[in-house]
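A.B. asks: After the structure tokens below, expect a handful of questions from me.
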Amino acid sequence: MDAITTKACDLRWFADKAAAKIFDDIGYCAVYAVGPTTSDKAKIGQGMQLPARLVSIQNAHWAKLVVKAIQWTPGYLFAERLQRMVCELIECRRVRGDWFDIPTIMIDQSIAICARKAGIKLLSHEDMLASVLAERERRISLLAP
């Protein structure tokens with residue numbers, strides 16, 4: 001069985017419960033931007049249970065949404081702080097609530113600038129997936145005779 005599948009908003013996610021449980025144990029939390037492919041509008045958010053959150057956002061939006069940017073932090077408090085800093089940095093581009101009119105490259109740059117300023121270590125989505133799957137393999141190897 002493949003360990004990764006595609007979930008809401010084209011986000012690659014864990015296909016098996018063991019990997020999802022390890023993800024929960026590690027406690028990664030994302031700062032993300034999600035929006036329609038047809039415009040630069042994007043919602044900036046943070047969360048741990050991203051697939052469920054993205055389904056909720058998609059259900060409230062008329063256009064198909066995709067993840068435009070995503071970076072993972074070591075935990076919820078880091079992600080919450082980073083999201084707040086990013087939203088303050090791009091305040092002049094705010095449309096309403098957590099929605100901004102901003103090109104994806106500027107979102108990526110804003111996240112990187114704020115993380116560097118706050119000393120928050122970031123993981124790309126692919127690195128986070130690889131980290132969880134490596135931990136899964138490590139735990140499996142401990143069970144082998």
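Identifiers in the structure tokens: chain A, B, ... in order shown; residue index from 1 per chain; ligand index from 1 in order shown.
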Distance table requested - segment 75-142 of chain A against segment 15-30 of chain A, cut-off 7 Å, only C-alpha atoms: one row per qualifying residue with the closest atom pair and its distance in Å to one decimal, ordered by chain and rising residue number, as a Markdown table.
C.D. replies:
```
| residue | atom | partner | partner_atom | distance |
| --- | --- | --- | --- | --- |
| A:Gly75 | CA | A:Tyr28 | CA | 5.0 |
| A:Tyr76 | CA | A:Cys29 | CA | 5.3 |
| A:Ala79 | CA | A:Cys29 | CA | 6.0 |
| A:Val132 | CA | A:Phe23 | CA | 6.0 |
| A:Leu133 | CA | A:Ala19 | CA | 6.5 |
| A:Arg136 | CA | A:Ala19 | CA | 6.2 |
```
A.B. asks: Residues near Gln46 of chain A, anyone? I mean within 12 Å using only C-alpha atoms, not counting same-chain ones fewer than 2 positions away, as a ChimeraX atom specification.
C.D. replies: /A:28-34,43-44,48-51,53-54,69-73,75-87,98,111
A.B. asks: Run DSSP on the backbone of this structure and report the residues of segment 58-142 of chain A it assigns to strand (DSSP E or B), as a ChimeraX atom specification.
C.D. replies: /A:65-73,94-96,99-101,123-124
A.B. asks: Write out as a ChimeraX atom specification all residues of chain A that backbone DSSP assigns to helix (DSSP H, G or I).
C.D. replies: /A:8-10,17-26,50-59,76-89,91-93,104-118,125-143
A.B. asks: With C-alpha atoms retained, write the just-selected residues as a PDB file, in the first residue's frame.
C.D. replies:
```pdb
ATOM      1  CA  ALA A   8      -8.453  17.998  -0.187  1.00  0.00           C
ATOM      2  CA  CYS A   9      -7.159  20.891  -2.304  1.00  0.00           C
ATOM      3  CA  ASP A  10      -4.639  18.551  -3.992  1.00  0.00           C
ATOM      4  CA  LYS A  17      -3.422   5.375  10.109  1.00  0.00           C
ATOM      5  CA  ALA A  18       0.026   4.486  11.468  1.00  0.00           C
ATOM      6  CA  ALA A  19       1.706   7.359   9.625  1.00  0.00           C
ATOM      7  CA  ALA A  20      -1.107   9.733  10.602  1.00  0.00           C
ATOM      8  CA  LYS A  21      -0.666   8.714  14.251  1.00  0.00           C
ATOM      9  CA  ILE A  22       3.082   9.362  14.069  1.00  0.00           C
ATOM     10  CA  PHE A  23       2.339  12.772  12.543  1.00  0.00           C
ATOM     11  CA  ASP A  24       0.072  13.510  15.531  1.00  0.00           C
ATOM     12  CA  ASP A  25       2.777  12.302  17.943  1.00  0.00           C
ATOM     13  CA  ILE A  26       5.426  14.575  16.416  1.00  0.00           C
ATOM     14  CA  LEU A  50      -4.858  20.168   7.536  1.00  0.00           C
ATOM     15  CA  PRO A  51      -6.935  17.844   5.321  1.00  0.00           C
ATOM     16  CA  ALA A  52     -10.028  18.326   7.498  1.00  0.00           C
ATOM     17  CA  ARG A  53      -9.475  22.084   7.631  1.00  0.00           C
ATOM     18  CA  LEU A  54      -9.064  22.290   3.866  1.00  0.00           C
ATOM     19  CA  VAL A  55     -12.287  20.346   3.319  1.00  0.00           C
ATOM     20  CA  SER A  56     -14.049  22.859   5.542  1.00  0.00           C
ATOM     21  CA  ILE A  57     -12.595  25.821   3.630  1.00  0.00           C
ATOM     22  CA  GLN A  58     -13.414  24.188   0.275  1.00  0.00           C
ATOM     23  CA  ASN A  59     -17.031  23.575   1.328  1.00  0.00           C
ATOM     24  CA  TYR A  76       1.158  24.874  17.182  1.00  0.00           C
ATOM     25  CA  LEU A  77       2.574  27.865  19.070  1.00  0.00           C
ATOM     26  CA  PHE A  78       5.238  28.410  16.401  1.00  0.00           C
ATOM     27  CA  ALA A  79       2.664  28.207  13.603  1.00  0.00           C
ATOM     28  CA  GLU A  80       0.266  30.539  15.389  1.00  0.00           C
ATOM     29  CA  ARG A  81       3.003  33.123  15.886  1.00  0.00           C
ATOM     30  CA  LEU A  82       4.232  32.758  12.308  1.00  0.00           C
ATOM     31  CA  GLN A  83       0.739  33.159  10.846  1.00  0.00           C
ATOM     32  CA  ARG A  84       0.196  36.310  12.898  1.00  0.00           C
ATOM     33  CA  MET A  85       3.556  37.749  11.762  1.00  0.00           C
ATOM     34  CA  VAL A  86       2.869  36.950   8.096  1.00  0.00           C
ATOM     35  CA  CYS A  87      -0.588  38.547   8.246  1.00  0.00           C
ATOM     36  CA  GLU A  88       0.893  41.674   9.846  1.00  0.00           C
ATOM     37  CA  LEU A  89       3.633  41.844   7.204  1.00  0.00           C
ATOM     38  CA  GLU A  91      -1.618  43.655   5.982  1.00  0.00           C
ATOM     39  CA  CYS A  92      -1.821  46.122   3.074  1.00  0.00           C
ATOM     40  CA  ARG A  93      -2.888  43.217   0.814  1.00  0.00           C
ATOM     41  CA  THR A 104       2.114  32.986  -4.316  1.00  0.00           C
ATOM     42  CA  ILE A 105       5.799  33.940  -4.533  1.00  0.00           C
ATOM     43  CA  MET A 106       5.159  36.794  -2.091  1.00  0.00           C
ATOM     44  CA  ILE A 107       3.427  34.417   0.322  1.00  0.00           C
ATOM     45  CA  ASP A 108       6.427  32.070   0.258  1.00  0.00           C
ATOM     46  CA  GLN A 109       8.799  34.999   0.781  1.00  0.00           C
ATOM     47  CA  SER A 110       6.680  36.418   3.616  1.00  0.00           C
ATOM     48  CA  ILE A 111       6.647  33.092   5.455  1.00  0.00           C
ATOM     49  CA  ALA A 112      10.427  32.727   5.053  1.00  0.00           C
ATOM     50  CA  ILE A 113      11.143  36.308   6.192  1.00  0.00           C
ATOM     51  CA  CYS A 114       8.933  36.028   9.265  1.00  0.00           C
ATOM     52  CA  ALA A 115      10.292  32.594  10.209  1.00  0.00           C
ATOM     53  CA  ARG A 116      13.870  33.866   9.939  1.00  0.00           C
ATOM     54  CA  LYS A 117      13.015  36.933  12.022  1.00  0.00           C
ATOM     55  CA  ALA A 118      11.347  34.800  14.735  1.00  0.00           C
ATOM     56  CA  HIS A 125       5.697  19.757   2.921  1.00  0.00           C
ATOM     57  CA  GLU A 126       7.805  17.076   1.223  1.00  0.00           C
ATOM     58  CA  ASP A 127      10.366  17.162   4.051  1.00  0.00           C
ATOM     59  CA  MET A 128       7.607  16.825   6.659  1.00  0.00           C
ATOM     60  CA  LEU A 129       6.132  13.808   4.830  1.00  0.00           C
ATOM     61  CA  ALA A 130       9.583  12.232   4.531  1.00  0.00           C
ATOM     62  CA  SER A 131      10.300  12.854   8.226  1.00  0.00           C
ATOM     63  CA  VAL A 132       7.094  11.146   9.332  1.00  0.00           C
ATOM     64  CA  LEU A 133       7.609   8.198   6.977  1.00  0.00           C
ATOM     65  CA  ALA A 134      11.223   7.810   8.182  1.00  0.00           C
ATOM     66  CA  GLU A 135       9.985   7.716  11.783  1.00  0.00           C
ATOM     67  CA  ARG A 136       7.398   5.129  10.732  1.00  0.00           C
ATOM     68  CA  GLU A 137      10.142   2.945   9.222  1.00  0.00           C
ATOM     69  CA  ARG A 138      12.293   3.416  12.339  1.00  0.00           C
ATOM     70  CA  ARG A 139       9.441   2.237  14.571  1.00  0.00           C
ATOM     71  CA  ILE A 140       8.775  -0.754  12.316  1.00  0.00           C
ATOM     72  CA  SER A 141      12.446  -1.727  12.417  1.00  0.00           C
ATOM     73  CA  LEU A 142      12.339  -1.727  16.238  1.00  0.00           C
ATOM     74  CA  LEU A 143       9.623  -4.380  16.077  1.00  0.00           C
TER      75      LEU A 143
END
```
A.B. asks: Report, in Å with one decimal, the straight-line distance from atom CA of Trp99 of chain A to atom CA of Lys41 of chain A.
C.D. replies: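 Between atom CA of Trp99 of chain A and atom CA of Lys41 of chain A the gap is 6.7 Å.
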